[in-house]
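Trainee: The structure file target_32.txt (compact mmCIF, C-alpha atoms and all ligand atoms) is provided below.
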```txt
# COMPACT_ATOMS: atom_id res chain seq x y z
CA MET A 7 -2.16 -43.58 24.23
CA TYR A 8 -0.64 -40.11 24.53
CA ASN A 9 -1.36 -40.22 28.23
CA ASP A 10 2.33 -39.85 29.18
CA ILE A 11 2.54 -36.65 27.21
CA THR A 12 -0.53 -34.93 28.63
CA LYS A 13 0.56 -36.02 32.11
CA PHE A 14 4.03 -34.58 31.58
CA ILE A 15 2.65 -31.26 30.36
CA HIS A 16 0.20 -30.99 33.26
CA THR A 17 3.07 -31.60 35.68
CA LEU A 18 5.30 -29.14 33.85
CA TYR A 19 2.67 -26.41 34.25
CA GLY A 20 1.67 -27.56 37.74
CA THR A 21 -2.04 -27.90 37.00
CA ASP A 22 -4.77 -30.45 36.34
CA GLU A 23 -6.78 -27.88 34.43
CA LEU A 24 -6.56 -26.93 30.77
CA VAL A 25 -3.04 -25.91 29.76
CA PRO A 26 -3.35 -23.15 27.15
CA LEU A 27 -1.01 -22.78 24.20
CA HIS A 28 0.29 -19.35 25.10
CA VAL A 29 -0.97 -16.75 27.56
CA PRO A 30 0.64 -13.44 28.50
CA VAL A 31 2.26 -12.88 31.91
CA PHE A 32 2.49 -9.58 33.78
CA LEU A 33 5.36 -9.82 36.23
CA GLY A 34 6.50 -6.24 36.67
CA ASN A 35 5.44 -2.62 36.43
CA GLU A 36 2.50 -3.04 34.07
CA LYS A 37 -0.16 -1.71 36.46
CA LYS A 38 2.06 1.08 37.70
CA TYR A 39 2.76 2.39 34.20
CA LEU A 40 -0.87 2.01 33.09
CA ASN A 41 -1.95 4.04 36.11
CA GLU A 42 0.59 6.67 35.19
CA CYS A 43 -1.03 6.98 31.76
CA ILE A 44 -4.47 7.42 33.30
CA ASP A 45 -3.31 9.82 36.02
CA THR A 46 -1.52 12.03 33.51
CA THR A 47 -4.30 11.64 30.85
CA PHE A 48 -1.64 10.61 28.30
CA VAL A 49 -3.43 7.49 27.14
CA SER A 50 -3.39 8.06 23.40
CA SER A 51 -0.81 8.63 20.69
CA VAL A 52 1.34 11.12 22.54
CA GLY A 53 3.26 10.29 25.67
CA LYS A 54 6.61 9.38 27.10
CA PHE A 55 6.04 5.62 27.03
CA VAL A 56 5.91 5.59 23.24
CA ASP A 57 9.39 7.13 23.06
CA ARG A 58 10.75 5.07 25.93
CA PHE A 59 9.40 1.81 24.49
CA GLU A 60 10.87 2.61 21.07
CA GLU A 61 14.27 3.40 22.59
CA MET A 62 14.21 0.23 24.64
CA ILE A 63 13.43 -1.99 21.65
CA ALA A 64 16.17 -0.31 19.61
CA GLU A 65 18.66 -0.83 22.41
CA TYR A 66 17.70 -4.46 22.90
CA THR A 67 17.66 -5.43 19.21
CA GLY A 68 20.58 -3.28 18.14
CA ALA A 69 18.43 -1.52 15.55
CA LYS A 70 19.46 2.07 14.94
CA LYS A 71 15.86 3.20 15.24
CA THR A 72 12.48 1.70 16.09
CA VAL A 73 8.98 2.91 15.27
CA VAL A 74 6.08 1.32 17.12
CA CYS A 75 2.62 0.96 15.62
CA VAL A 76 -0.82 -0.57 16.23
CA ASN A 77 0.04 -4.15 15.33
CA GLY A 78 2.48 -6.39 13.53
CA THR A 79 0.38 -6.51 10.38
CA SER A 80 0.47 -2.73 9.99
CA ALA A 81 4.22 -2.81 10.68
CA LEU A 82 4.64 -5.23 7.75
CA HIS A 83 2.40 -3.10 5.55
CA ILE A 84 4.50 0.00 6.22
CA ALA A 85 7.75 -1.96 5.84
CA LEU A 86 6.75 -3.10 2.35
CA ILE A 87 5.70 0.42 1.32
CA LEU A 88 9.00 1.83 2.58
CA VAL A 89 11.17 -0.56 0.58
CA GLY A 90 9.24 0.44 -2.52
CA VAL A 91 6.82 -2.43 -3.12
CA GLU A 92 4.07 -1.23 -5.46
CA ARG A 93 0.89 -2.55 -7.04
CA GLU A 94 1.55 -5.53 -9.35
CA ASP A 95 5.00 -6.19 -7.90
CA GLU A 96 5.89 -9.65 -6.64
CA VAL A 97 7.16 -10.47 -3.17
CA ILE A 98 8.88 -13.75 -2.35
CA THR A 99 7.80 -15.31 0.90
CA GLN A 100 6.95 -18.65 2.51
CA ALA A 101 3.65 -20.53 2.35
CA LEU A 102 4.28 -21.69 5.90
CA THR A 103 3.37 -18.49 7.70
CA PHE A 104 0.58 -16.66 9.44
CA ILE A 105 -1.85 -14.87 7.10
CA ALA A 106 -0.61 -11.41 8.15
CA THR A 107 2.55 -11.75 6.03
CA CYS A 108 0.49 -12.24 2.86
CA ASN A 109 -2.24 -9.80 3.75
CA ALA A 110 0.34 -7.03 4.09
CA ILE A 111 1.63 -7.86 0.59
CA ARG A 112 -1.89 -7.85 -0.83
CA TYR A 113 -2.88 -4.54 0.85
CA ILE A 114 -0.45 -2.93 -1.60
CA GLY A 115 -1.87 -4.90 -4.53
CA ALA A 116 1.31 -6.95 -4.83
CA HIS A 117 1.53 -10.71 -5.32
CA PRO A 118 3.23 -13.22 -3.06
CA VAL A 119 5.40 -15.97 -4.58
CA PHE A 120 5.66 -18.96 -2.27
CA ILE A 121 9.04 -20.65 -1.92
CA ASP A 122 9.97 -23.62 0.23
CA VAL A 123 11.35 -23.57 3.78
CA ASP A 124 14.42 -25.30 5.20
CA ARG A 125 14.14 -28.42 7.33
CA ASP A 126 16.47 -27.04 10.00
CA THR A 127 14.78 -23.62 10.39
CA MET A 128 11.14 -24.02 9.23
CA GLY A 129 11.69 -20.66 7.53
CA LEU A 130 12.34 -19.44 3.98
CA SER A 131 15.16 -21.39 2.34
CA PRO A 132 17.86 -19.29 0.66
CA VAL A 133 18.83 -22.30 -1.44
CA ALA A 134 15.25 -22.74 -2.67
CA VAL A 135 14.91 -19.00 -3.30
CA GLU A 136 18.09 -18.91 -5.36
CA LYS A 137 17.08 -22.01 -7.29
CA TRP A 138 13.71 -20.49 -8.11
CA LEU A 139 15.22 -17.15 -9.11
CA LEU A 140 17.78 -18.85 -11.33
CA ALA A 141 14.98 -20.55 -13.26
CA ASN A 142 12.38 -17.77 -13.17
CA ALA A 143 14.01 -14.37 -12.88
CA GLU A 144 15.94 -12.06 -15.14
CA ILE A 145 17.71 -8.84 -14.29
CA LYS A 146 17.39 -5.76 -16.46
CA ASN A 147 19.11 -2.52 -15.45
CA GLY A 148 19.39 -3.56 -11.84
CA VAL A 149 15.74 -4.60 -11.58
CA CYS A 150 14.63 -8.20 -11.06
CA TYR A 151 11.72 -9.43 -13.19
CA ASN A 152 9.73 -12.64 -13.25
CA LYS A 153 10.22 -14.06 -16.75
CA THR A 154 6.78 -15.68 -16.77
CA THR A 155 4.59 -12.90 -15.42
CA GLY A 156 6.72 -9.96 -16.47
CA ARG A 157 6.25 -8.46 -13.03
CA ARG A 158 8.98 -6.84 -10.98
CA ILE A 159 10.19 -8.94 -8.03
CA LYS A 160 10.72 -6.22 -5.50
CA ALA A 161 11.05 -7.77 -2.06
CA CYS A 162 11.61 -10.94 -0.12
CA VAL A 163 9.94 -11.55 3.25
CA PRO A 164 11.30 -14.46 5.27
CA MET A 165 9.50 -15.29 8.51
CA HIS A 166 11.31 -16.61 11.58
CA THR A 167 8.85 -19.41 12.25
CA PHE A 168 7.86 -19.84 15.89
CA GLY A 169 10.97 -17.82 16.77
CA HIS A 170 13.58 -19.88 14.90
CA PRO A 171 15.83 -17.70 12.74
CA VAL A 172 16.14 -18.45 9.01
CA HIS A 173 19.56 -18.68 7.31
CA LEU A 174 20.00 -14.93 7.20
CA ASP A 175 23.54 -14.55 5.81
CA GLU A 176 22.64 -16.62 2.79
CA LEU A 177 19.30 -14.86 2.25
CA VAL A 178 20.95 -11.45 2.48
CA SER A 179 23.41 -12.44 -0.23
CA VAL A 180 20.77 -13.95 -2.58
CA CYS A 181 18.67 -10.81 -2.23
CA GLU A 182 21.66 -8.58 -2.96
CA LYS A 183 22.60 -10.63 -5.98
CA TYR A 184 19.09 -10.24 -7.44
CA TYR A 185 18.44 -6.61 -6.41
CA ILE A 186 15.63 -7.66 -4.09
CA GLU A 187 14.84 -5.81 -0.85
CA LEU A 188 14.89 -7.93 2.29
CA VAL A 189 12.10 -7.33 4.83
CA GLU A 190 12.07 -9.65 7.82
CA ASP A 191 8.80 -10.77 9.32
CA ALA A 192 10.22 -11.00 12.83
CA ALA A 193 6.72 -10.93 14.34
CA GLU A 194 7.41 -14.13 16.29
CA SER A 195 11.09 -13.67 17.00
CA LEU A 196 11.64 -10.96 19.59
CA GLY A 197 14.54 -12.36 21.62
CA SER A 198 15.83 -14.59 18.80
CA PHE A 199 19.37 -14.09 17.55
CA TYR A 200 21.25 -15.24 14.46
CA LYS A 201 25.02 -15.42 14.99
CA GLY A 202 24.65 -13.09 17.95
CA LYS A 203 22.66 -10.45 16.08
CA HIS A 204 18.95 -9.89 16.67
CA THR A 205 16.49 -11.09 14.03
CA GLY A 206 14.75 -8.28 12.19
CA THR A 207 17.97 -6.28 11.83
CA PHE A 208 19.40 -8.03 8.76
CA GLY A 209 17.06 -6.69 6.12
CA LYS A 210 16.28 -3.09 5.26
CA VAL A 211 13.30 -3.25 7.63
CA GLY A 212 12.11 -5.75 10.25
CA ALA A 213 8.64 -6.09 11.74
CA ILE A 214 7.80 -7.35 15.25
CA SER A 215 4.40 -8.14 16.76
CA PHE A 216 3.24 -7.57 20.34
CA ASN A 217 -0.08 -9.33 19.97
CA GLY A 218 -1.50 -11.01 23.06
CA ASN A 219 -0.10 -14.43 22.17
CA LYS A 220 3.45 -13.30 21.39
CA THR A 221 6.55 -13.42 23.62
CA ILE A 222 5.68 -10.05 25.13
CA THR A 223 2.49 -8.11 24.54
CA THR A 224 1.16 -4.57 24.40
CA GLY A 225 -2.40 -5.84 24.05
CA GLY A 226 -2.04 -5.23 20.35
CA GLY A 227 1.02 -3.68 18.82
CA GLY A 228 3.96 -3.88 16.51
CA ALA A 229 7.34 -2.36 15.84
CA LEU A 230 9.49 -1.55 12.84
CA LEU A 231 13.27 -1.95 13.07
CA PHE A 232 15.62 0.18 10.96
CA HIS A 233 19.32 0.82 10.37
CA ASP A 234 18.42 3.79 8.26
CA GLU A 235 17.22 6.73 10.34
CA LYS A 236 15.75 8.48 7.31
CA LEU A 237 13.56 5.47 6.62
CA ALA A 238 12.51 5.41 10.28
CA LYS A 239 11.49 9.06 10.00
CA GLN A 240 9.36 8.19 6.98
CA ALA A 241 7.78 5.36 8.95
CA LYS A 242 6.83 7.73 11.77
CA HIS A 243 5.39 10.13 9.21
CA LEU A 244 3.41 7.48 7.32
CA THR A 245 2.00 5.96 10.51
CA THR A 246 0.91 9.43 11.70
CA GLN A 247 -1.44 10.28 8.79
CA ALA A 248 1.54 11.84 7.00
CA LYS A 249 0.96 15.01 8.97
CA VAL A 250 3.54 17.71 8.51
CA ASN A 251 4.87 18.96 11.81
CA HIS A 252 3.28 22.29 12.66
CA LYS A 253 1.95 23.84 15.85
CA TRP A 254 -1.62 24.25 14.61
CA GLU A 255 -1.96 23.66 10.89
CA PHE A 256 -3.27 20.41 9.45
CA ILE A 257 -1.09 19.80 6.44
CA HIS A 258 -0.63 16.27 5.13
CA ASP A 259 1.79 15.67 2.28
CA GLN A 260 0.76 12.17 1.15
CA ILE A 261 -1.76 9.44 1.91
CA GLY A 262 -0.87 8.30 5.40
CA TYR A 263 -2.12 5.77 7.90
CA ASN A 264 -3.41 5.98 11.42
CA TYR A 265 -1.08 3.27 12.67
CA ARG A 266 0.44 4.91 15.74
CA MET A 267 0.73 2.94 18.93
CA PRO A 268 -1.18 4.57 21.81
CA ASN A 269 0.71 5.43 24.99
CA VAL A 270 -1.27 2.92 27.11
CA ASN A 271 -0.08 0.09 24.87
CA ALA A 272 3.48 1.39 24.97
CA ALA A 273 3.29 1.58 28.78
CA LEU A 274 2.35 -2.09 28.87
CA GLY A 275 5.15 -2.86 26.42
CA PHE A 276 7.74 -0.92 28.38
CA ALA A 277 6.92 -2.92 31.51
CA GLN A 278 7.01 -6.15 29.52
CA MET A 279 10.41 -5.29 28.01
CA GLU A 280 11.79 -4.83 31.53
CA LYS A 281 10.99 -8.51 32.12
CA LEU A 282 11.99 -9.84 28.71
CA ASP A 283 15.14 -11.58 29.95
CA VAL A 284 13.19 -13.33 32.71
CA ILE A 285 10.53 -14.40 30.21
CA LEU A 286 13.10 -15.70 27.72
CA ALA A 287 15.05 -17.63 30.36
CA ASN A 288 11.82 -19.23 31.55
CA LYS A 289 10.81 -20.22 28.03
CA ARG A 290 14.25 -21.68 27.31
CA GLU A 291 13.99 -23.76 30.48
CA THR A 292 10.61 -25.07 29.29
CA ALA A 293 12.09 -25.93 25.91
CA ASP A 294 14.92 -27.81 27.65
CA GLN A 295 12.42 -29.83 29.64
CA TYR A 296 10.47 -30.69 26.50
CA LYS A 297 13.67 -31.62 24.70
CA LYS A 298 14.68 -34.06 27.46
CA PHE A 299 11.20 -35.54 27.65
CA PHE A 300 10.75 -36.06 23.92
CA GLU A 301 14.21 -37.63 23.55
CA GLU A 302 12.59 -40.65 25.22
CA GLN A 303 9.62 -40.70 22.84
CA ALA A 304 10.34 -42.80 19.78
CA ASP A 305 7.66 -41.35 17.49
CA ILE A 306 8.10 -37.69 18.25
CA GLU A 307 10.92 -35.25 17.66
CA PHE A 308 11.30 -31.94 19.46
CA PHE A 309 12.26 -29.10 17.09
CA GLU A 310 15.46 -27.43 18.29
CA GLU A 311 16.92 -24.03 17.50
CA PRO A 312 19.03 -23.93 14.32
CA LYS A 313 22.84 -23.99 14.56
CA GLU A 314 24.54 -20.69 15.48
CA CYS A 315 21.16 -19.32 16.55
CA LYS A 316 19.50 -18.52 19.82
CA SER A 317 15.74 -18.93 19.46
CA ASN A 318 13.20 -17.40 21.80
CA TYR A 319 11.21 -20.67 21.80
CA TRP A 320 8.05 -18.60 21.45
CA LEU A 321 5.91 -21.62 20.53
CA ASN A 322 7.44 -25.04 21.01
CA VAL A 323 7.13 -27.46 18.13
CA ILE A 324 7.11 -31.22 18.01
CA LEU A 325 7.25 -33.22 14.80
CA LEU A 326 5.27 -36.44 14.61
CA LYS A 327 7.31 -38.99 12.72
CA ASP A 328 4.15 -40.68 11.47
CA LYS A 329 2.28 -38.01 9.54
CA ASN A 330 -0.97 -39.96 9.95
CA ALA A 331 -0.77 -39.48 13.70
CA GLN A 332 -1.17 -35.70 13.64
CA GLN A 333 -4.97 -35.53 13.74
CA GLU A 334 -5.23 -38.16 16.43
CA PHE A 335 -2.55 -36.51 18.55
CA ILE A 336 -4.23 -33.13 18.38
CA GLU A 337 -7.64 -34.60 19.21
CA TYR A 338 -6.35 -36.62 22.14
CA THR A 339 -4.38 -33.81 23.75
CA ASN A 340 -7.14 -31.22 23.35
CA GLU A 341 -9.65 -33.66 24.84
CA HIS A 342 -7.32 -34.28 27.76
CA GLY A 343 -6.73 -30.73 28.89
CA VAL A 344 -3.66 -29.83 26.85
CA MET A 345 -4.07 -27.29 24.10
CA THR A 346 -2.17 -28.21 20.94
CA ARG A 347 -2.46 -26.89 17.40
CA PRO A 348 -1.40 -27.86 13.88
CA VAL A 349 0.56 -25.36 11.84
CA TRP A 350 -1.38 -22.76 9.81
CA CYS A 351 -3.16 -23.82 6.65
CA LEU A 352 -0.56 -23.21 3.94
CA MET A 353 -1.05 -19.82 2.28
CA ASN A 354 -1.13 -21.27 -1.24
CA LYS A 355 -4.15 -23.35 -0.24
CA LEU A 356 -6.24 -20.33 0.74
CA ASP A 357 -8.68 -18.96 -1.83
CA MET A 358 -7.05 -15.54 -1.97
CA PHE A 359 -3.60 -16.90 -2.74
CA LYS A 360 -4.29 -20.16 -4.55
CA ASP A 361 -3.23 -18.74 -7.93
CA CYS A 362 0.12 -17.48 -6.71
CA GLN A 363 3.30 -18.94 -8.11
CA THR A 364 5.11 -21.51 -5.93
CA ASP A 365 8.06 -23.88 -6.12
CA ASP A 366 7.58 -27.54 -5.15
CA LEU A 367 7.11 -26.60 -1.45
CA LYS A 368 8.53 -29.99 -0.54
CA ASN A 369 9.66 -29.24 3.02
CA THR A 370 6.69 -26.97 3.53
CA SER A 371 4.30 -29.88 2.91
CA TRP A 372 6.45 -32.15 5.04
CA PHE A 373 6.09 -29.75 7.98
CA GLU A 374 2.39 -29.19 7.37
CA GLU A 375 1.72 -32.86 8.00
CA ARG A 376 3.88 -33.20 11.08
CA VAL A 377 4.08 -29.97 13.09
CA VAL A 378 2.20 -29.71 16.35
CA ASN A 379 2.53 -26.69 18.64
CA ILE A 380 2.50 -27.50 22.33
CA PRO A 381 1.91 -25.28 25.38
CA SER A 382 4.64 -22.66 25.70
CA SER A 383 3.51 -19.97 28.14
CA VAL A 384 5.85 -18.70 30.82
CA ARG A 385 5.61 -20.97 33.88
CA ILE A 386 5.13 -19.10 37.13
C1 LIG A 401 1.63 -12.39 14.85
C2 LIG A 401 2.17 -12.32 13.47
C3 LIG A 401 2.11 -11.16 12.68
C4 LIG A 401 1.50 -9.87 13.11
O1 LIG A 401 0.36 -10.00 13.77
P1 LIG A 401 -0.45 -8.87 14.55
O2 LIG A 401 -1.49 -9.69 15.21
O3 LIG A 401 -0.98 -7.94 13.52
O4 LIG A 401 0.43 -8.16 15.53
C5 LIG A 401 2.69 -11.19 11.44
N1 LIG A 401 3.30 -12.28 10.97
C6 LIG A 401 3.41 -13.40 11.70
C7 LIG A 401 4.13 -14.57 11.14
C8 LIG A 401 2.83 -13.48 12.96
O5 LIG A 401 2.91 -14.61 13.67
```
Starting from the coordinates I provided, produce the structure as structure tokens.

Mentor:
Amino acid sequence: MYNDITKFIHTLYGTDELVPLHVPVFLGNEKKYLNECIDTTFVSSVGKFVDRFEEMIAEYTGAKKTVVCVNGTSALHIALILVGVEREDEVITQALTFIATCNAIRYIGAHPVFIDVDRDTMGLSPVAVEKWLLANAEIKNGVCYNKTTGRRIKACVPMHTFGHPVHLDELVSVCEKYYIELVEDAAESLGSFYKGKHTGTFGKVGAISFNGNKTITTGGGGALLFHDEKLAKQAKHLTTQAKVNHKWEFIHDQIGYNYRMPNVNAALGFAQMEKLDVILANKRETADQYKKFFEEQADIEFFEEPKECKSNYWLNVILLKDKNAQQEFIEYTNEHGVMTRPVWCLMNKLDMFKDCQTDDLKNTSWFEERVVNIPSSVRI
């Protein structure tokens, strides 16, 4: 019964074989740069590609400074440490996210609070955040506390779901009003812009992922985006075992992390960045094709980029109007050579986070029952 859809997607990708959800593409200088690493022996944490990749990301995103690291999860971990999140603090985020967001919070011993998402962005709702804070928070001497738990509410981590930017202006102002630090989980949103400005550059720190399934990949990797160069310096220090710069002495001035991105990964990333515009244009074209196709399908809605935003369309989303159809749709398409996936299990339903405070998560539950991700790789 979903035969038209699987047929369309097979035609779109020009194959009769299995169409994966998202695979990386290597269109440029990847091999050349990797060879350069091997020929020069600079394969590990020192090398020119690390610096060049960092500069290129900063230039593209408009961040003042970028620090790359081993993956997006470690980038989030460092971001939260740098804005001052400590053990027993609370961090506001969305239940509709990938586990990495919450794991990073828990690595510090802090507690996520799950607030609803907006229907037009699929990301953290500033209106819901403000409503929750109004009912649950109090401010004492410029510090925000949860009236029920007595804990400090230190940070807020919105996630730009599948590359669609959240309502950033409004979130920035709610966070300011309540003395909460804004850290953007921009893991999925490289190439996504809100009112012409790149996602991940609105909060104090932004985190990007270059995992194999993301818009561009370094194999595994992540990046931190900063306006504040001092904070960026601290990030470099923390991700480098907090080693004090010295020609031969091993002095470390705090507990650090071995989170540096190796030069081979940066080489791959540098080559991928050179093709980012090509990749984004291709993905937008795919999204356009889906949009046109699903306009003709009565029971399915294609999720479009929010107003005043340019999304990267990392993973395309359709919404099944009949929530009871989701399971059947996913089974049919996967059995007929088209990989599709439901959205992540909501974070508040996982054992580790089931006791965390939430609001009503109304839109979150609505999405959970209807979202299906459809194939979104670059078409070559
Ligand atoms: C991919 C992703 C991350 C980071 O993942 P890594 O695999 O560690 O690079 C973080 N948050 C979200 C929402 C993600 O999708």

Trainee: When you count all atoms listed in the file, which of these residues is closest to ligand LIG 401 (chain A): A:Lys297, A:Lys220, A:His28, A:Lys203?

Mentor: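 Of A:Lys297, A:Lys220, A:His28, A:Lys203, the one nearest ligand LIG 401 (chain A), counting all atoms listed in the file, is A:Lys220.
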
Trainee: What does the list of residues within 7 Å of ligand LIG 401 (chain A) look like if you count all atoms listed in the file, written as a list of chain:residue names?

Mentor: A:Asn77, A:Gly78, A:Thr79, A:Ser80, A:Thr103, A:Phe104, A:Ile105, A:Ala106, A:Thr107, A:Met165, A:Thr167, A:Asp191, A:Ala193, A:Glu194, A:Ser215, A:Phe216, A:Asn217, A:Lys220, A:Gly226, A:Gly227, A:Gly228

Trainee: How many Å separate CA of Asn322 (chain A) from CA of Met128 (chain A)?

Mentor: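 Spanning CA of Asn322 (chain A) to CA of Met128 (chain A) is a straight-line distance of 12.4 Å.
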
Trainee: Mind checking which residues fall within 8 Å of Cys75 (chain A), counting only C-alpha atoms, ignoring those fewer than 5 positions away in the same chain, and posting them as a list in words?

Mentor: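 Once the adjacent positions are removed, what remains is Ser80, Ala81, Gly227, Gly228, Ala229, Leu230, Thr245, Tyr265, Arg266 and Met267 of chain A.
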
Trainee: Keeping C-alpha atoms for every residue in the selection just given, could you write it to a file as a compact mmCIF listing (two decimals), in the frame of the given file?

Mentor:
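Wrote result-v7.txt, looks like this:
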```txt
# COMPACT_ATOMS: atom_id res chain seq x y z
CA SER A 80 0.47 -2.73 9.99
CA ALA A 81 4.22 -2.81 10.68
CA GLY A 227 1.02 -3.68 18.82
CA GLY A 228 3.96 -3.88 16.51
CA ALA A 229 7.34 -2.36 15.84
CA LEU A 230 9.49 -1.55 12.84
CA THR A 245 2.00 5.96 10.51
CA TYR A 265 -1.08 3.27 12.67
CA ARG A 266 0.44 4.91 15.74
CA MET A 267 0.73 2.94 18.93
```

Trainee: Tell me which of A:Gly209, A:Gly129, A:Gly148, A:Pro381 sits closest to Asp175 (chain A), counting only C-alpha atoms.

Mentor: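 The answer is A:Gly209, which sits nearest to Asp175 (chain A).
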
Trainee: Name the closest residue to Glu94 (chain A) among the candidates A:Asp57, A:Tyr151, A:Ser131, A:Phe309; distances are taken between atoms, counting all atoms listed in the file.

Mentor: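 Checking each candidate against Glu94 (chain A), we get A:Tyr151 as the closest.
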
Trainee: May I ask which of the residues A:Glu136, A:Gly156, A:Asn219, A:Ala110 is the closest one to Ile186 (chain A), counting all atoms listed in the file?

Mentor: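 Using all atoms listed in the file, the shortest distance to Ile186 (chain A) belongs to A:Glu136.
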
Trainee: Find the distance between CA of Phe359 (chain A) and CA of Ile111 (chain A) and write it in Å to one decimal.

Mentor: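 Calculated distance between CA of Phe359 (chain A) and CA of Ile111 (chain A) is 11.0 Å.
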
Trainee: Using all atoms listed in the file, which residue out of A:Thr207, A:Asn142, A:Ser317, A:Ser51 lies closest to Phe232 (chain A)?

Mentor: A:Thr207

Trainee: Name the closest residue to Phe308 (chain A) among the candidates A:Glu190, A:Ile214, A:Met279, A:Asp126; distances are taken between atoms, counting all atoms listed in the file.

Mentor: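 Ranked by minimum distance to Phe308 (chain A), first place goes to A:Asp126.
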
Trainee: Can you find the residues with an atom no farther than 12 Å from (9.6, 0.7, 0.9), counting only C-alpha atoms, and report them as a ChimeraX atom specification?

Mentor: /A:81-92,111,114,160-162,186-189,209-212,232,234,236-238,240-241,244

Trainee: Between CA of Lys183 (chain A) and CA of Leu196 (chain A), what is the distance, to one decimal in Å?

Mentor: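 Here the two named atoms are 27.8 Å from each other.
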
Trainee: Could you list, as a PyMOL selection string, every residue within 12 Å of His342 (chain A), counting all atoms listed in the file and ignoring same-chain residues fewer than 3 positions away?

Mentor: chain A and resi 7-16+22-26+335-339+345-346

Trainee: Do you know which residues are at most 12 Å from Lys153 (chain A) counting only C-alpha atoms, after dropping those on the same chain fewer than 6 positions away, and could you put them as number ranges by chain?

Mentor: A: 96, 138-146, 159

Trainee: Do you know which residues are at most 12 Å from Tyr66 (chain A) counting all atoms listed in the file, after dropping those on the same chain fewer than 4 positions away, and could you put them as a CSV table (one decimal) with C-alpha atoms, keeping the file's coordinate frame?

Mentor:
```csv
chain,number,residue,atom,x,y,z
A,59,PHE,CA,9.4,1.8,24.5
A,60,GLU,CA,10.9,2.6,21.1
A,61,GLU,CA,14.3,3.4,22.6
A,62,MET,CA,14.2,0.2,24.6
A,70,LYS,CA,19.5,2.1,14.9
A,71,LYS,CA,15.9,3.2,15.2
A,72,THR,CA,12.5,1.7,16.1
A,196,LEU,CA,11.6,-11.0,19.6
A,197,GLY,CA,14.5,-12.4,21.6
A,198,SER,CA,15.8,-14.6,18.8
A,199,PHE,CA,19.4,-14.1,17.6
A,203,LYS,CA,22.7,-10.4,16.1
A,204,HIS,CA,19.0,-9.9,16.7
A,205,THR,CA,16.5,-11.1,14.0
A,206,GLY,CA,14.8,-8.3,12.2
A,207,THR,CA,18.0,-6.3,11.8
A,231,LEU,CA,13.3,-2.0,13.1
A,276,PHE,CA,7.7,-0.9,28.4
A,279,MET,CA,10.4,-5.3,28.0
A,280,GLU,CA,11.8,-4.8,31.5
A,282,LEU,CA,12.0,-9.8,28.7
A,283,ASP,CA,15.1,-11.6,30.0
```

Trainee: Kindly assemble as CSV a list of the region 66-104 of chain A residues that lie within 9 Å of region 366-375 of chain A, each paired with its nearest atom pair and their distance in Å to one decimal, using only C-alpha atoms, sorted first by chain and then by ascending residue number.

Mentor:
```
residue,atom,partner,partner_atom,distance
A:Gln100,CA,A:Thr370,CA,8.4
A:Ala101,CA,A:Thr370,CA,7.2
A:Leu102,CA,A:Thr370,CA,6.3
```

Trainee: Give me the residues within 9 Å of Glu307 (chain A) as a list in words, counting all atoms listed in the file and dropping any in the same chain fewer than 5 places off.

Mentor: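 The filter keeps Lys297, Phe300, Glu301, Val323, Ile324, Leu325, Leu326 and Lys327 of chain A.
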
Trainee: For region 13-22 of chain A, which lacks atoms in the input, supply N, CA and C atoms and format the output as a short mmCIF file (atom, residue, chain, number, x, y, z; two decimals), in the coordinates of the input.

Mentor:
```cif
data_model
loop_
_atom_site.label_atom_id
_atom_site.label_comp_id
_atom_site.auth_asym_id
_atom_site.auth_seq_id
_atom_site.Cartn_x
_atom_site.Cartn_y
_atom_site.Cartn_z
N LYS A 13 0.17 -36.00 30.69
CA LYS A 13 0.56 -36.02 32.11
C LYS A 13 1.81 -35.17 32.33
N PHE A 14 2.78 -35.35 31.46
CA PHE A 14 4.03 -34.58 31.58
C PHE A 14 3.75 -33.07 31.50
N ILE A 15 2.91 -32.69 30.56
CA ILE A 15 2.65 -31.26 30.36
C ILE A 15 1.85 -30.67 31.54
N HIS A 16 0.92 -31.45 32.06
CA HIS A 16 0.20 -30.99 33.26
C HIS A 16 1.16 -30.81 34.44
N THR A 17 2.09 -31.72 34.59
CA THR A 17 3.07 -31.60 35.68
C THR A 17 3.98 -30.40 35.45
N LEU A 18 4.41 -30.25 34.21
CA LEU A 18 5.30 -29.14 33.85
C LEU A 18 4.66 -27.80 34.22
N TYR A 19 3.36 -27.68 33.96
CA TYR A 19 2.67 -26.41 34.25
C TYR A 19 1.99 -26.41 35.62
N GLY A 20 2.17 -27.50 36.37
CA GLY A 20 1.67 -27.56 37.74
C GLY A 20 0.18 -27.39 37.85
N THR A 21 -0.58 -28.03 36.95
CA THR A 21 -2.04 -27.90 37.00
C THR A 21 -2.72 -29.16 36.46
N ASP A 22 -3.96 -29.37 36.91
CA ASP A 22 -4.77 -30.45 36.34
C ASP A 22 -5.75 -29.87 35.32
#
```
